[in-house]
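query_2.txt (compact mmCIF, C-alpha atoms)
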# COMPACT_ATOMS: atom_id res chain seq x y z
CA MET A 1 54.86 -33.21 62.95
CA GLU A 2 53.14 -36.50 63.63
CA TYR A 3 50.13 -37.41 61.53
CA GLY A 4 46.72 -37.49 63.15
CA ARG A 5 44.67 -40.66 63.39
CA PHE A 6 41.66 -41.36 61.26
CA ILE A 7 38.71 -43.03 62.97
CA VAL A 8 35.70 -44.20 60.99
CA LEU A 9 32.32 -44.91 62.53
CA GLU A 10 30.18 -47.38 60.60
CA GLY A 11 26.87 -49.16 61.01
CA GLY A 12 23.55 -50.04 59.42
CA GLU A 13 20.12 -48.45 59.79
CA GLY A 14 19.33 -47.57 63.41
CA ALA A 15 22.67 -48.74 64.79
CA GLY A 16 22.99 -45.62 66.94
CA LYS A 17 25.74 -43.96 64.92
CA SER A 18 24.32 -40.44 65.30
CA SER A 19 24.04 -40.72 69.08
CA ALA A 20 27.60 -42.06 69.23
CA MET A 21 28.85 -39.16 67.07
CA LYS A 22 27.16 -36.69 69.45
CA MET A 23 28.85 -38.36 72.39
CA LEU A 24 32.24 -38.17 70.66
CA GLU A 25 31.71 -34.53 69.75
CA ALA A 26 30.86 -33.77 73.36
CA TYR A 27 33.85 -35.52 74.93
CA LEU A 28 36.77 -35.50 72.51
CA PRO A 29 38.97 -32.40 72.58
CA ARG A 30 37.72 -30.03 69.87
CA GLU A 31 41.10 -28.38 69.34
CA ASN A 32 42.73 -31.42 67.80
CA THR A 33 39.77 -33.43 66.49
CA VAL A 34 37.86 -32.89 63.26
CA PHE A 35 34.34 -34.34 63.09
CA THR A 36 32.93 -34.97 59.68
CA ARG A 37 30.53 -37.23 57.81
CA GLU A 38 30.13 -38.91 54.51
CA PRO A 39 28.77 -38.24 51.97
CA GLY A 40 29.27 -34.55 52.53
CA GLY A 41 31.83 -32.42 54.25
CA THR A 42 32.65 -30.13 51.28
CA PRO A 43 30.51 -28.04 48.91
CA LEU A 44 31.05 -30.49 46.03
CA ALA A 45 30.47 -33.54 48.20
CA GLN A 46 27.38 -31.83 49.58
CA LYS A 47 25.99 -31.42 46.06
CA ILE A 48 26.73 -35.06 45.36
CA ARG A 49 25.13 -36.03 48.65
CA GLN A 50 21.98 -34.20 47.63
CA MET A 51 21.88 -36.16 44.38
CA LEU A 52 22.63 -39.44 46.13
CA LEU A 53 20.03 -39.08 48.79
CA GLN A 54 17.60 -37.88 46.15
CA GLU A 55 16.89 -35.03 48.47
CA ALA A 56 14.86 -32.14 47.26
CA VAL A 57 17.38 -29.56 46.10
CA GLU A 58 16.50 -26.12 47.20
CA GLY A 59 17.85 -23.03 45.51
CA ALA A 60 19.68 -20.84 48.00
CA HIS A 61 16.88 -18.30 48.25
CA THR A 62 13.91 -20.20 46.91
CA ASN A 63 11.91 -23.32 47.44
CA VAL A 64 12.51 -24.82 44.03
CA ILE A 65 12.02 -28.54 44.43
CA GLU A 66 13.50 -30.68 41.70
CA GLU A 67 12.31 -34.12 40.66
CA PRO A 68 14.15 -36.93 42.40
CA ILE A 69 16.47 -38.78 40.02
CA GLU A 70 16.77 -42.56 39.76
CA ILE A 71 20.37 -43.56 40.36
CA SER A 72 21.64 -47.03 39.47
CA PRO A 73 24.08 -49.06 41.62
CA LEU A 74 27.05 -48.41 39.31
CA THR A 75 26.38 -44.68 39.13
CA HIS A 76 25.98 -44.62 42.90
CA PHE A 77 29.30 -46.39 43.21
CA ALA A 78 31.19 -43.80 41.15
CA LEU A 79 29.43 -40.84 42.78
CA PHE A 80 30.30 -42.05 46.25
CA TRP A 81 33.97 -42.30 45.28
CA ALA A 82 33.88 -38.80 43.77
CA ALA A 83 32.34 -37.33 46.92
CA ARG A 84 34.77 -39.31 49.06
CA ARG A 85 37.80 -38.03 47.17
CA ALA A 86 36.69 -34.40 47.45
CA HIS A 87 36.14 -34.97 51.16
CA VAL A 88 39.56 -36.60 51.59
CA GLU A 89 41.40 -33.87 49.71
CA GLU A 90 39.67 -30.91 51.28
CA ILE A 91 39.03 -32.05 54.84
CA ILE A 92 40.45 -35.37 55.95
CA ALA A 93 43.98 -35.49 54.50
CA PRO A 94 44.87 -31.86 55.39
CA ALA A 95 43.65 -32.41 58.98
CA LEU A 96 45.65 -35.64 59.38
CA LYS A 97 48.71 -34.00 57.91
CA ALA A 98 48.38 -31.12 60.36
CA GLY A 99 48.42 -33.62 63.22
CA ARG A 100 44.71 -33.45 63.97
CA ASN A 101 42.60 -36.55 64.48
CA VAL A 102 39.58 -37.10 62.27
CA VAL A 103 36.37 -38.86 63.22
CA CYS A 104 34.18 -39.59 60.23
CA ASP A 105 30.59 -40.81 60.24
CA ARG A 106 30.71 -43.43 57.42
CA PHE A 107 33.51 -43.98 54.91
CA ASP A 108 34.52 -46.60 52.36
CA ALA A 109 33.13 -49.54 54.32
CA SER A 110 29.67 -48.08 53.64
CA THR A 111 30.22 -48.34 49.88
CA TRP A 112 31.35 -51.91 50.37
CA ALA A 113 28.37 -52.82 52.58
CA TYR A 114 25.61 -50.94 50.77
CA GLN A 115 26.62 -50.88 47.09
CA ILE A 116 28.41 -54.20 46.82
CA TRP A 117 26.57 -56.35 49.34
CA GLY A 118 23.23 -54.56 49.82
CA GLN A 119 22.76 -53.84 46.13
CA GLU A 120 24.31 -57.22 45.22
CA GLN A 121 27.16 -56.18 42.94
CA PRO A 122 29.87 -58.70 43.94
CA GLU A 123 31.57 -58.25 40.56
CA LEU A 124 32.60 -54.80 41.80
CA ILE A 125 34.87 -56.22 44.51
CA PRO A 126 38.15 -55.93 42.52
CA LEU A 127 37.12 -52.46 41.35
CA PHE A 128 36.35 -51.43 44.93
CA ARG A 129 39.80 -52.56 46.04
CA MET A 130 41.50 -50.63 43.26
CA MET A 131 39.45 -47.48 43.90
CA ARG A 132 40.34 -47.75 47.59
CA GLU A 133 44.06 -47.87 46.74
CA HIS A 134 43.86 -44.73 44.63
CA PHE A 135 41.24 -42.70 46.46
CA VAL A 136 41.90 -43.47 50.11
CA ILE A 137 45.01 -45.38 51.06
CA ARG A 138 47.64 -42.89 50.00
CA ASP A 139 46.56 -40.01 52.20
CA ALA A 140 43.58 -41.07 54.31
CA ARG A 141 44.13 -44.60 55.55
CA PRO A 142 41.74 -45.30 58.42
CA TYR A 143 43.52 -46.09 61.67
CA LEU A 144 40.44 -47.77 63.13
CA TYR A 145 36.92 -48.62 61.99
CA VAL A 146 34.38 -48.73 64.79
CA TYR A 147 31.43 -50.80 63.64
CA LEU A 148 28.10 -50.65 65.41
CA ASP A 149 26.74 -54.10 64.69
CA VAL A 150 22.96 -54.09 65.03
CA GLU A 151 20.49 -56.76 63.95
CA PRO A 152 18.41 -55.29 61.11
CA GLU A 153 15.12 -55.93 62.98
CA VAL A 154 16.41 -54.11 66.06
CA GLY A 155 17.83 -51.17 64.08
CA ILE A 156 14.72 -50.75 62.01
CA ALA A 157 12.44 -50.88 65.04
CA ARG A 158 14.62 -48.12 66.52
CA THR A 159 14.27 -45.83 63.48
CA LYS A 160 10.52 -46.46 63.55
CA ARG A 161 10.33 -45.24 67.13
CA ARG A 162 12.13 -42.10 66.02
CA GLY A 163 9.20 -41.54 63.68
CA ILE A 164 11.23 -41.78 60.51
CA GLU A 165 8.78 -42.59 57.75
CA ASN A 166 10.09 -45.46 55.69
CA GLU A 167 8.66 -48.62 54.29
CA PHE A 168 10.30 -51.51 56.04
CA ASP A 169 9.05 -54.62 54.40
CA LYS A 170 10.63 -58.04 54.14
CA LYS A 171 12.77 -56.83 51.25
CA THR A 172 14.21 -54.08 53.41
CA ILE A 173 15.09 -56.48 56.21
CA GLU A 174 16.87 -58.72 53.71
CA PHE A 175 18.72 -55.72 52.28
CA TYR A 176 20.02 -54.79 55.73
CA LYS A 177 20.96 -58.39 56.45
CA ARG A 178 23.14 -58.29 53.33
CA VAL A 179 24.59 -54.96 54.46
CA GLN A 180 25.41 -56.50 57.84
CA ARG A 181 27.13 -59.47 56.19
CA GLY A 182 29.04 -57.03 54.02
CA TYR A 183 30.26 -55.01 57.00
CA ARG A 184 31.34 -58.12 58.86
CA GLU A 185 33.22 -59.33 55.82
CA PHE A 186 34.96 -55.97 55.23
CA LEU A 187 35.83 -55.32 58.80
CA GLY A 188 37.32 -58.76 59.28
CA SER A 189 40.13 -57.63 56.96
CA TYR A 190 40.86 -54.19 58.44
CA PRO A 191 41.68 -52.69 61.84
CA CYS A 192 38.27 -52.72 63.44
CA ARG A 193 36.42 -52.80 66.73
CA SER A 194 32.94 -54.23 66.43
CA ILE A 195 30.45 -53.11 69.10
CA ASP A 196 27.19 -54.88 69.92
CA ALA A 197 24.67 -52.19 69.02
CA ASN A 198 21.57 -54.14 69.98
CA ARG A 199 21.85 -52.73 73.51
CA PRO A 200 20.38 -49.38 74.62
CA GLU A 201 21.90 -46.44 72.75
CA PRO A 202 23.58 -44.74 75.75
CA GLU A 203 25.53 -47.92 76.50
CA VAL A 204 26.55 -48.27 72.87
CA SER A 205 27.66 -44.63 72.70
CA LEU A 206 29.71 -44.98 75.86
CA ASP A 207 31.46 -48.03 74.44
CA VAL A 208 32.22 -46.10 71.25
CA LEU A 209 33.66 -43.23 73.26
CA GLU A 210 35.87 -45.58 75.23
CA VAL A 211 37.13 -47.38 72.13
CA VAL A 212 37.85 -44.14 70.27
CA MET A 213 39.53 -42.47 73.26
CA SER A 214 41.85 -45.42 73.72
CA ALA A 215 42.62 -45.48 69.96
CA LEU A 216 43.54 -41.80 70.10
CA ALA A 217 45.49 -42.02 73.37
CA MET B 218 16.44 -57.61 16.71
CA GLU B 219 19.97 -56.63 15.73
CA TYR B 220 21.83 -54.25 18.03
CA GLY B 221 22.59 -50.75 16.83
CA ARG B 222 26.11 -49.49 16.36
CA PHE B 223 27.78 -47.07 18.72
CA ILE B 224 29.94 -44.36 17.13
CA VAL B 225 32.04 -42.04 19.26
CA LEU B 226 33.41 -38.73 18.03
CA GLU B 227 36.53 -37.55 19.83
CA GLY B 228 39.02 -34.71 19.55
CA GLY B 229 40.90 -31.97 21.37
CA GLU B 230 40.19 -28.25 21.65
CA GLY B 231 39.13 -26.72 18.32
CA ALA B 232 39.27 -30.00 16.39
CA GLY B 233 35.93 -29.27 14.71
CA LYS B 234 33.86 -31.82 16.62
CA SER B 235 30.81 -29.58 16.93
CA SER B 236 30.73 -28.82 13.19
CA ALA B 237 31.10 -32.52 12.44
CA MET B 238 28.24 -33.38 14.81
CA LYS B 239 26.02 -30.83 13.05
CA MET B 240 26.87 -32.40 9.71
CA LEU B 241 26.04 -35.86 11.05
CA GLU B 242 22.76 -34.65 12.53
CA ALA B 243 21.85 -33.11 9.17
CA TYR B 244 22.60 -36.16 7.03
CA LEU B 245 22.13 -39.33 9.08
CA PRO B 246 18.60 -40.72 9.21
CA ARG B 247 16.92 -39.36 12.36
CA GLU B 248 14.54 -42.30 12.72
CA ASN B 249 17.23 -44.81 13.62
CA THR B 250 20.06 -42.62 14.95
CA VAL B 251 20.37 -41.15 18.43
CA PHE B 252 22.67 -38.12 18.81
CA THR B 253 24.02 -37.43 22.24
CA ARG B 254 26.98 -35.92 24.03
CA GLU B 255 29.08 -36.44 27.07
CA PRO B 256 29.05 -35.38 29.84
CA GLY B 257 25.29 -34.91 29.76
CA GLY B 258 22.42 -36.62 28.09
CA THR B 259 20.34 -37.32 31.22
CA PRO B 260 19.13 -35.14 34.12
CA LEU B 261 21.68 -36.66 36.50
CA ALA B 262 24.51 -36.48 34.01
CA GLN B 263 23.48 -32.91 33.28
CA LYS B 264 23.82 -32.02 36.95
CA ILE B 265 27.23 -33.66 37.01
CA ARG B 266 28.17 -31.85 33.83
CA GLN B 267 27.32 -28.56 35.49
CA MET B 268 29.59 -29.40 38.38
CA LEU B 269 32.37 -30.59 36.10
CA LEU B 270 32.34 -27.58 33.87
CA GLN B 271 32.09 -25.39 36.94
CA GLU B 272 29.21 -23.70 35.23
CA ALA B 273 27.03 -21.34 37.16
CA VAL B 274 24.09 -23.39 38.35
CA GLU B 275 20.84 -21.59 38.00
CA GLY B 276 17.78 -22.51 40.00
CA ALA B 277 14.87 -23.35 37.72
CA HIS B 278 13.09 -20.06 38.32
CA THR B 279 15.83 -17.88 39.70
CA ASN B 280 19.21 -16.51 38.88
CA VAL B 281 21.02 -17.95 41.83
CA ILE B 282 24.65 -18.18 40.81
CA GLU B 283 26.75 -20.48 42.90
CA GLU B 284 30.46 -20.28 43.50
CA PRO B 285 32.52 -22.41 41.13
CA ILE B 286 34.02 -25.42 42.90
CA GLU B 287 37.62 -26.62 42.56
CA ILE B 288 37.61 -30.23 41.39
CA SER B 289 40.73 -32.39 41.61
CA PRO B 290 41.80 -34.90 38.92
CA LEU B 291 40.71 -37.94 40.94
CA THR B 292 37.31 -36.45 41.75
CA HIS B 293 36.93 -35.50 38.09
CA PHE B 294 37.76 -39.05 37.13
CA ALA B 295 35.04 -40.57 39.32
CA LEU B 296 32.44 -37.95 38.37
CA PHE B 297 32.98 -38.57 34.67
CA TRP B 298 32.42 -42.28 35.17
CA ALA B 299 29.26 -41.61 37.18
CA ALA B 300 27.87 -39.32 34.48
CA ARG B 301 28.92 -41.81 31.79
CA ARG B 302 27.16 -44.70 33.49
CA ALA B 303 23.91 -42.75 33.88
CA HIS B 304 24.18 -41.80 30.22
CA VAL B 305 24.84 -45.41 29.15
CA GLU B 306 21.97 -46.82 31.18
CA GLU B 307 19.38 -44.25 30.28
CA ILE B 308 20.23 -43.35 26.69
CA ILE B 309 22.95 -45.33 24.95
CA ALA B 310 22.34 -48.96 25.94
CA PRO B 311 18.53 -48.83 25.49
CA ALA B 312 18.95 -47.26 22.02
CA LEU B 313 21.51 -49.85 20.91
CA LYS B 314 19.32 -52.65 22.25
CA ALA B 315 16.36 -51.29 20.29
CA GLY B 316 18.45 -51.48 17.14
CA ARG B 317 19.13 -47.75 16.84
CA ASN B 318 22.58 -46.38 16.12
CA VAL B 319 24.10 -43.93 18.59
CA VAL B 320 26.50 -41.10 17.77
CA CYS B 321 28.09 -39.63 20.87
CA ASP B 322 30.16 -36.45 21.12
CA ARG B 323 32.97 -37.59 23.46
CA PHE B 324 33.07 -40.79 25.52
CA ASP B 325 35.61 -42.77 27.51
CA ALA B 326 38.58 -41.81 25.32
CA SER B 327 38.12 -38.24 26.61
CA THR B 328 38.65 -39.40 30.20
CA TRP B 329 41.74 -41.24 29.06
CA ALA B 330 43.12 -38.27 27.12
CA TYR B 331 42.21 -35.44 29.49
CA GLN B 332 42.31 -36.95 32.99
CA ILE B 333 45.09 -39.48 32.57
CA TRP B 334 47.33 -37.83 29.98
CA GLY B 335 46.40 -34.14 30.17
CA GLN B 336 46.26 -34.08 33.96
CA GLU B 337 49.21 -36.48 34.16
CA GLN B 338 47.75 -39.31 36.23
CA PRO B 339 49.37 -42.35 34.56
CA GLU B 340 48.91 -44.39 37.74
CA LEU B 341 45.19 -44.40 36.91
CA ILE B 342 45.65 -46.52 33.77
CA PRO B 343 44.79 -49.89 35.39
CA LEU B 344 41.85 -48.26 37.17
CA PHE B 345 40.66 -46.75 33.88
CA ARG B 346 40.73 -50.17 32.22
CA MET B 347 38.77 -51.77 35.04
CA MET B 348 36.19 -48.96 35.12
CA ARG B 349 35.81 -49.33 31.36
CA GLU B 350 35.08 -53.06 31.73
CA HIS B 351 32.36 -52.47 34.29
CA PHE B 352 30.86 -49.20 33.10
CA VAL B 353 31.02 -49.47 29.31
CA ILE B 354 31.97 -52.76 27.74
CA ARG B 355 29.05 -54.89 28.85
CA ASP B 356 26.29 -52.85 27.24
CA ALA B 357 27.80 -49.90 25.36
CA ARG B 358 30.92 -51.07 23.57
CA PRO B 359 31.88 -48.51 20.93
CA TYR B 360 31.83 -49.90 17.40
CA LEU B 361 34.04 -47.10 16.08
CA TYR B 362 35.87 -44.10 17.48
CA VAL B 363 36.30 -41.25 15.02
CA TYR B 364 39.17 -39.09 16.19
CA LEU B 365 39.66 -35.56 14.87
CA ASP B 366 43.39 -35.18 15.23
CA VAL B 367 44.31 -31.50 15.35
CA GLU B 368 47.62 -29.91 16.30
CA PRO B 369 47.04 -27.98 19.54
CA GLU B 370 48.28 -24.70 18.00
CA VAL B 371 45.84 -25.05 15.11
CA GLY B 372 42.91 -26.02 17.28
CA ILE B 373 43.52 -23.25 19.77
CA ALA B 374 43.86 -20.64 17.05
CA ARG B 375 40.50 -21.85 15.75
CA THR B 376 38.73 -21.41 19.08
CA LYS B 377 40.25 -17.94 19.37
CA ARG B 378 38.70 -16.96 16.05
CA ARG B 379 35.36 -18.13 17.42
CA GLY B 380 35.82 -15.54 20.14
CA ILE B 381 35.93 -18.01 23.00
CA GLU B 382 37.66 -16.26 25.86
CA ASN B 383 40.29 -18.50 27.30
CA GLU B 384 43.83 -18.11 28.40
CA PHE B 385 46.00 -20.08 26.06
CA ASP B 386 49.51 -19.85 27.33
CA LYS B 387 52.41 -22.22 26.88
CA LYS B 388 51.06 -24.41 29.69
CA THR B 389 47.80 -24.82 27.81
CA ILE B 390 49.57 -25.82 24.59
CA GLU B 391 51.56 -28.40 26.51
CA PHE B 392 48.38 -29.70 28.12
CA TYR B 393 46.78 -30.22 24.71
CA LYS B 394 49.91 -31.87 23.39
CA ARG B 395 49.62 -34.39 26.19
CA VAL B 396 45.92 -34.83 25.41
CA GLN B 397 46.81 -35.48 21.76
CA ARG B 398 49.42 -38.07 22.73
CA GLY B 399 46.83 -39.68 25.02
CA TYR B 400 44.25 -39.92 22.24
CA ARG B 401 46.75 -41.41 19.82
CA GLU B 402 47.78 -43.96 22.43
CA PHE B 403 44.20 -44.92 23.29
CA LEU B 404 42.95 -45.08 19.76
CA GLY B 405 45.82 -47.25 18.62
CA SER B 406 44.30 -50.03 20.75
CA TYR B 407 40.64 -49.72 19.71
CA PRO B 408 38.61 -49.63 16.49
CA CYS B 409 39.33 -46.13 15.31
CA ARG B 410 39.50 -43.88 12.29
CA SER B 411 41.77 -40.91 12.75
CA ILE B 412 41.01 -37.86 10.61
CA ASP B 413 43.43 -35.03 9.92
CA ALA B 414 41.58 -32.10 11.50
CA ASN B 415 44.15 -29.44 10.63
CA ARG B 416 42.34 -28.84 7.33
CA PRO B 417 39.36 -26.48 6.93
CA GLU B 418 36.36 -27.54 9.01
CA PRO B 419 33.96 -28.31 6.12
CA GLU B 420 36.44 -30.80 4.68
CA VAL B 421 36.92 -32.40 8.07
CA SER B 422 33.17 -32.64 8.65
CA LEU B 423 32.63 -34.25 5.23
CA ASP B 424 35.29 -36.85 5.99
CA VAL B 425 33.61 -37.61 9.31
CA LEU B 426 30.26 -38.01 7.58
CA GLU B 427 31.74 -40.40 5.04
CA VAL B 428 33.51 -42.50 7.68
CA VAL B 429 30.41 -42.69 9.89
CA MET B 430 28.05 -43.49 7.01
CA SER B 431 30.25 -46.32 5.85
CA ALA B 432 30.53 -47.64 9.43
CA LEU B 433 26.75 -47.66 9.75
CA ALA B 434 26.10 -49.10 6.29
Show how you would write the structure in this file as structure tokens.
Amino acid sequence: MEYGRFIVLEGGEGAGKSSAMKMLEAYLPRENTVFTREPGGTPLAQKIRQMLLQEAVEGAHTNVIEEPIEISPLTHFALFWAARRAHVEEIIAPALKAGRNVVCDRFDASTWAYQIWGQEQPELIPLFRMMREHFVIRDARPYLYVYLDVEPEVGIARTKRRGIENEFDKKTIEFYKRVQRGYREFLGSYPCRSIDANRPEPEVSLDVLEVVMSALA
Amino acid sequence: MEYGRFIVLEGGEGAGKSSAMKMLEAYLPRENTVFTREPGGTPLAQKIRQMLLQEAVEGAHTNVIEEPIEISPLTHFALFWAARRAHVEEIIAPALKAGRNVVCDRFDASTWAYQIWGQEQPELIPLFRMMREHFVIRDARPYLYVYLDVEPEVGIARTKRRGIENEFDKKTIEFYKRVQRGYREFLGSYPCRSIDANRPEPEVSLDVLEVVMSALA
């Protein structure tokens, strides 16, 4: 049986990734496409996601809220790879092997853009490459990255309109500018379609749909 | 101020590590020695430890027992490094910097022995070395590894006498033989004192105490 194709959707804050995922879920054939997201996708990865996002962890039948935990860039880096590997082994690789296509909301390019560029850890570049070889390339090599390239100011204004409460100061804008540079750098080296995500979300989503449908054709 | 010294205690199943740690805690001066263990030592690392050991996770005020999660060797590998880094940043490096000595029950040699040798992932050796550079060497370089070298049959018989319920079949013995080979390989390259742990535990613990005291003198 032929392997499925692995499509990764990437983008910074407010790039319109969620809307694009909804569009893909609505129009791609469900029977041979798996939709998933990172971090998450498996029980273990979900636990790690909770730690990473410093979300309040709720006991299954209670409202126990735990203290958020400070996580350093290096710890983040390793946790993301752990969650990614669980996700690859349990969801992505088996689906590809069974001939199904996989569309994933964020993957390794996010680690590159956020941990290495956003959090300014350039010394991790060789380590990133080696982790990628071992954790991704052997059984979950992305066929195409679709990158929603949004200017940080535009993306952040968009999330503000959605009423997401976040502090977006100058430091935040600079962080997302580094993330954007990181994405552009990463995606220049891999099979990628970059989409101008500064336009209205429906247009962006339609472009994503077109690009992904032609990649899967 | 002078940096403290970082002592790591290592050993396979039933080597007598816990008894030796108790001896060290009883006789080393508390005011300038930090005792810790891996995985664990910080809230984050503790959460990771729970996942790694597939322990039942209990909500703070409940008895919610979650399903144990299957964790693959690669995911294990990344999770151990994540927990290790949190532990280094929050406990080990600050103590060493403040001039306190640190005695840690297990550290990176365990990942080497269990994940790479025990779980037979030799292709991870270059990755291990690079992770070690980034996660350990810069601020938590071990001054001495003390390795309790026990024959798997002896160690396993010892844990059986303690009433620990585990299945110890031929496969398990072979696993611990690989772990032992891994330790010997690792410790041949680093500052290490190997102690014959096939003897009665009190003798072993006394030897550990002597070695550690002279290292810290």
Please identify all residues of chain A having at least one atom at most 6 Å from any atom of chain B, considering all atoms listed in the file, and return them as a PyMOL selection string. chain A and resi 59+75+78-79+82+85
Tell me, as a ChimeraX atom specification, which residues lie within 10 Å of Glu242 of chain B, counting only C-alpha atoms; anything in the same chain fewer than 4 positions away does not count. /B:236-238,246-247,250-252,320,426
Contacts of segment 106-114 of chain A at 10 Å or less, counting only C-alpha atoms, minus same-chain residues fewer than 5 places along, as a VMD selection string? chain A and resid 7 to 12 17 36 to 39 73 76 to 78 80 to 81 84 119 to 122 124 to 125 128 to 129 131 to 132 135 to 136 142 145 to 147 175 to 176 178 to 187 190
Output the selection as a PDB file, keeping the file's coordinate frame - C-alpha atoms for each residue.
ATOM      1  CA  ILE A   7      38.710 -43.030  62.970  1.00  0.00           C
ATOM      2  CA  VAL A   8      35.700 -44.200  60.990  1.00  0.00           C
ATOM      3  CA  LEU A   9      32.320 -44.910  62.530  1.00  0.00           C
ATOM      4  CA  GLU A  10      30.180 -47.380  60.600  1.00  0.00           C
ATOM      5  CA  GLY A  11      26.870 -49.160  61.010  1.00  0.00           C
ATOM      6  CA  GLY A  12      23.550 -50.040  59.420  1.00  0.00           C
ATOM      7  CA  LYS A  17      25.740 -43.960  64.920  1.00  0.00           C
ATOM      8  CA  THR A  36      32.930 -34.970  59.680  1.00  0.00           C
ATOM      9  CA  ARG A  37      30.530 -37.230  57.810  1.00  0.00           C
ATOM     10  CA  GLU A  38      30.130 -38.910  54.510  1.00  0.00           C
ATOM     11  CA  PRO A  39      28.770 -38.240  51.970  1.00  0.00           C
ATOM     12  CA  PRO A  73      24.080 -49.060  41.620  1.00  0.00           C
ATOM     13  CA  HIS A  76      25.980 -44.620  42.900  1.00  0.00           C
ATOM     14  CA  PHE A  77      29.300 -46.390  43.210  1.00  0.00           C
ATOM     15  CA  ALA A  78      31.190 -43.800  41.150  1.00  0.00           C
ATOM     16  CA  PHE A  80      30.300 -42.050  46.250  1.00  0.00           C
ATOM     17  CA  TRP A  81      33.970 -42.300  45.280  1.00  0.00           C
ATOM     18  CA  ARG A  84      34.770 -39.310  49.060  1.00  0.00           C
ATOM     19  CA  GLN A 119      22.760 -53.840  46.130  1.00  0.00           C
ATOM     20  CA  GLU A 120      24.310 -57.220  45.220  1.00  0.00           C
ATOM     21  CA  GLN A 121      27.160 -56.180  42.940  1.00  0.00           C
ATOM     22  CA  PRO A 122      29.870 -58.700  43.940  1.00  0.00           C
ATOM     23  CA  LEU A 124      32.600 -54.800  41.800  1.00  0.00           C
ATOM     24  CA  ILE A 125      34.870 -56.220  44.510  1.00  0.00           C
ATOM     25  CA  PHE A 128      36.350 -51.430  44.930  1.00  0.00           C
ATOM     26  CA  ARG A 129      39.800 -52.560  46.040  1.00  0.00           C
ATOM     27  CA  MET A 131      39.450 -47.480  43.900  1.00  0.00           C
ATOM     28  CA  ARG A 132      40.340 -47.750  47.590  1.00  0.00           C
ATOM     29  CA  PHE A 135      41.240 -42.700  46.460  1.00  0.00           C
ATOM     30  CA  VAL A 136      41.900 -43.470  50.110  1.00  0.00           C
ATOM     31  CA  PRO A 142      41.740 -45.300  58.420  1.00  0.00           C
ATOM     32  CA  TYR A 145      36.920 -48.620  61.990  1.00  0.00           C
ATOM     33  CA  VAL A 146      34.380 -48.730  64.790  1.00  0.00           C
ATOM     34  CA  TYR A 147      31.430 -50.800  63.640  1.00  0.00           C
ATOM     35  CA  PHE A 175      18.720 -55.720  52.280  1.00  0.00           C
ATOM     36  CA  TYR A 176      20.020 -54.790  55.730  1.00  0.00           C
ATOM     37  CA  ARG A 178      23.140 -58.290  53.330  1.00  0.00           C
ATOM     38  CA  VAL A 179      24.590 -54.960  54.460  1.00  0.00           C
ATOM     39  CA  GLN A 180      25.410 -56.500  57.840  1.00  0.00           C
ATOM     40  CA  ARG A 181      27.130 -59.470  56.190  1.00  0.00           C
ATOM     41  CA  GLY A 182      29.040 -57.030  54.020  1.00  0.00           C
ATOM     42  CA  TYR A 183      30.260 -55.010  57.000  1.00  0.00           C
ATOM     43  CA  ARG A 184      31.340 -58.120  58.860  1.00  0.00           C
ATOM     44  CA  GLU A 185      33.220 -59.330  55.820  1.00  0.00           C
ATOM     45  CA  PHE A 186      34.960 -55.970  55.230  1.00  0.00           C
ATOM     46  CA  LEU A 187      35.830 -55.320  58.800  1.00  0.00           C
ATOM     47  CA  TYR A 190      40.860 -54.190  58.440  1.00  0.00           C
TER      48      TYR A 190
END
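Put simply, atom CA of Asp169 of chain A is 11.8 Å away from atom CA of Ala157 of chain A.
The interatomic distance for the pair atom CA of Pro369 of chain B and atom CA of Lys394 of chain B works out to 6.2 Å.
Using only C-alpha atoms for every distance, the candidate list B:Glu391, B:Val305, B:Glu370, B:Arg358 yields B:Glu391 as the residue closest to Gly335 of chain B.
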What separates atom CA of Lys314 of chain B and atom CA of Ser235 of chain B is a distance of 26.3 Å
Taking all atoms of segment 346-349 of chain B that the file lists and extending 3 Å past them on each side, where is the centre of the axis-aligned box and how long are its edges? Answer in Å to one decimal, as AutoDock Vina command-line options.
--center_x 38.3 --center_y -50.4 --center_z 33.2 --size_x 10.9 --size_y 8.8 --size_z 9.8
With all atoms listed in the file as the atoms that count, which of A:Ile116, A:Val150, A:Ala15, A:Leu144 lies nearest to Val102 of chain A? A:Leu144
What's around Pro311 of chain B at 10 Å? Count all atoms listed in the file, leave out sequence neighbours fewer than 6 positions away in its own chain, and write the answer as a list in words. Tyr220, Gly221, Val305, Arg317, Asp356 and Ala357 of chain B
Measuring between all atoms listed in the file, which one of B:Leu313, B:Met240, B:Val371, B:Ile354 shows the shortest distance to Pro417 of chain B? B:Val371
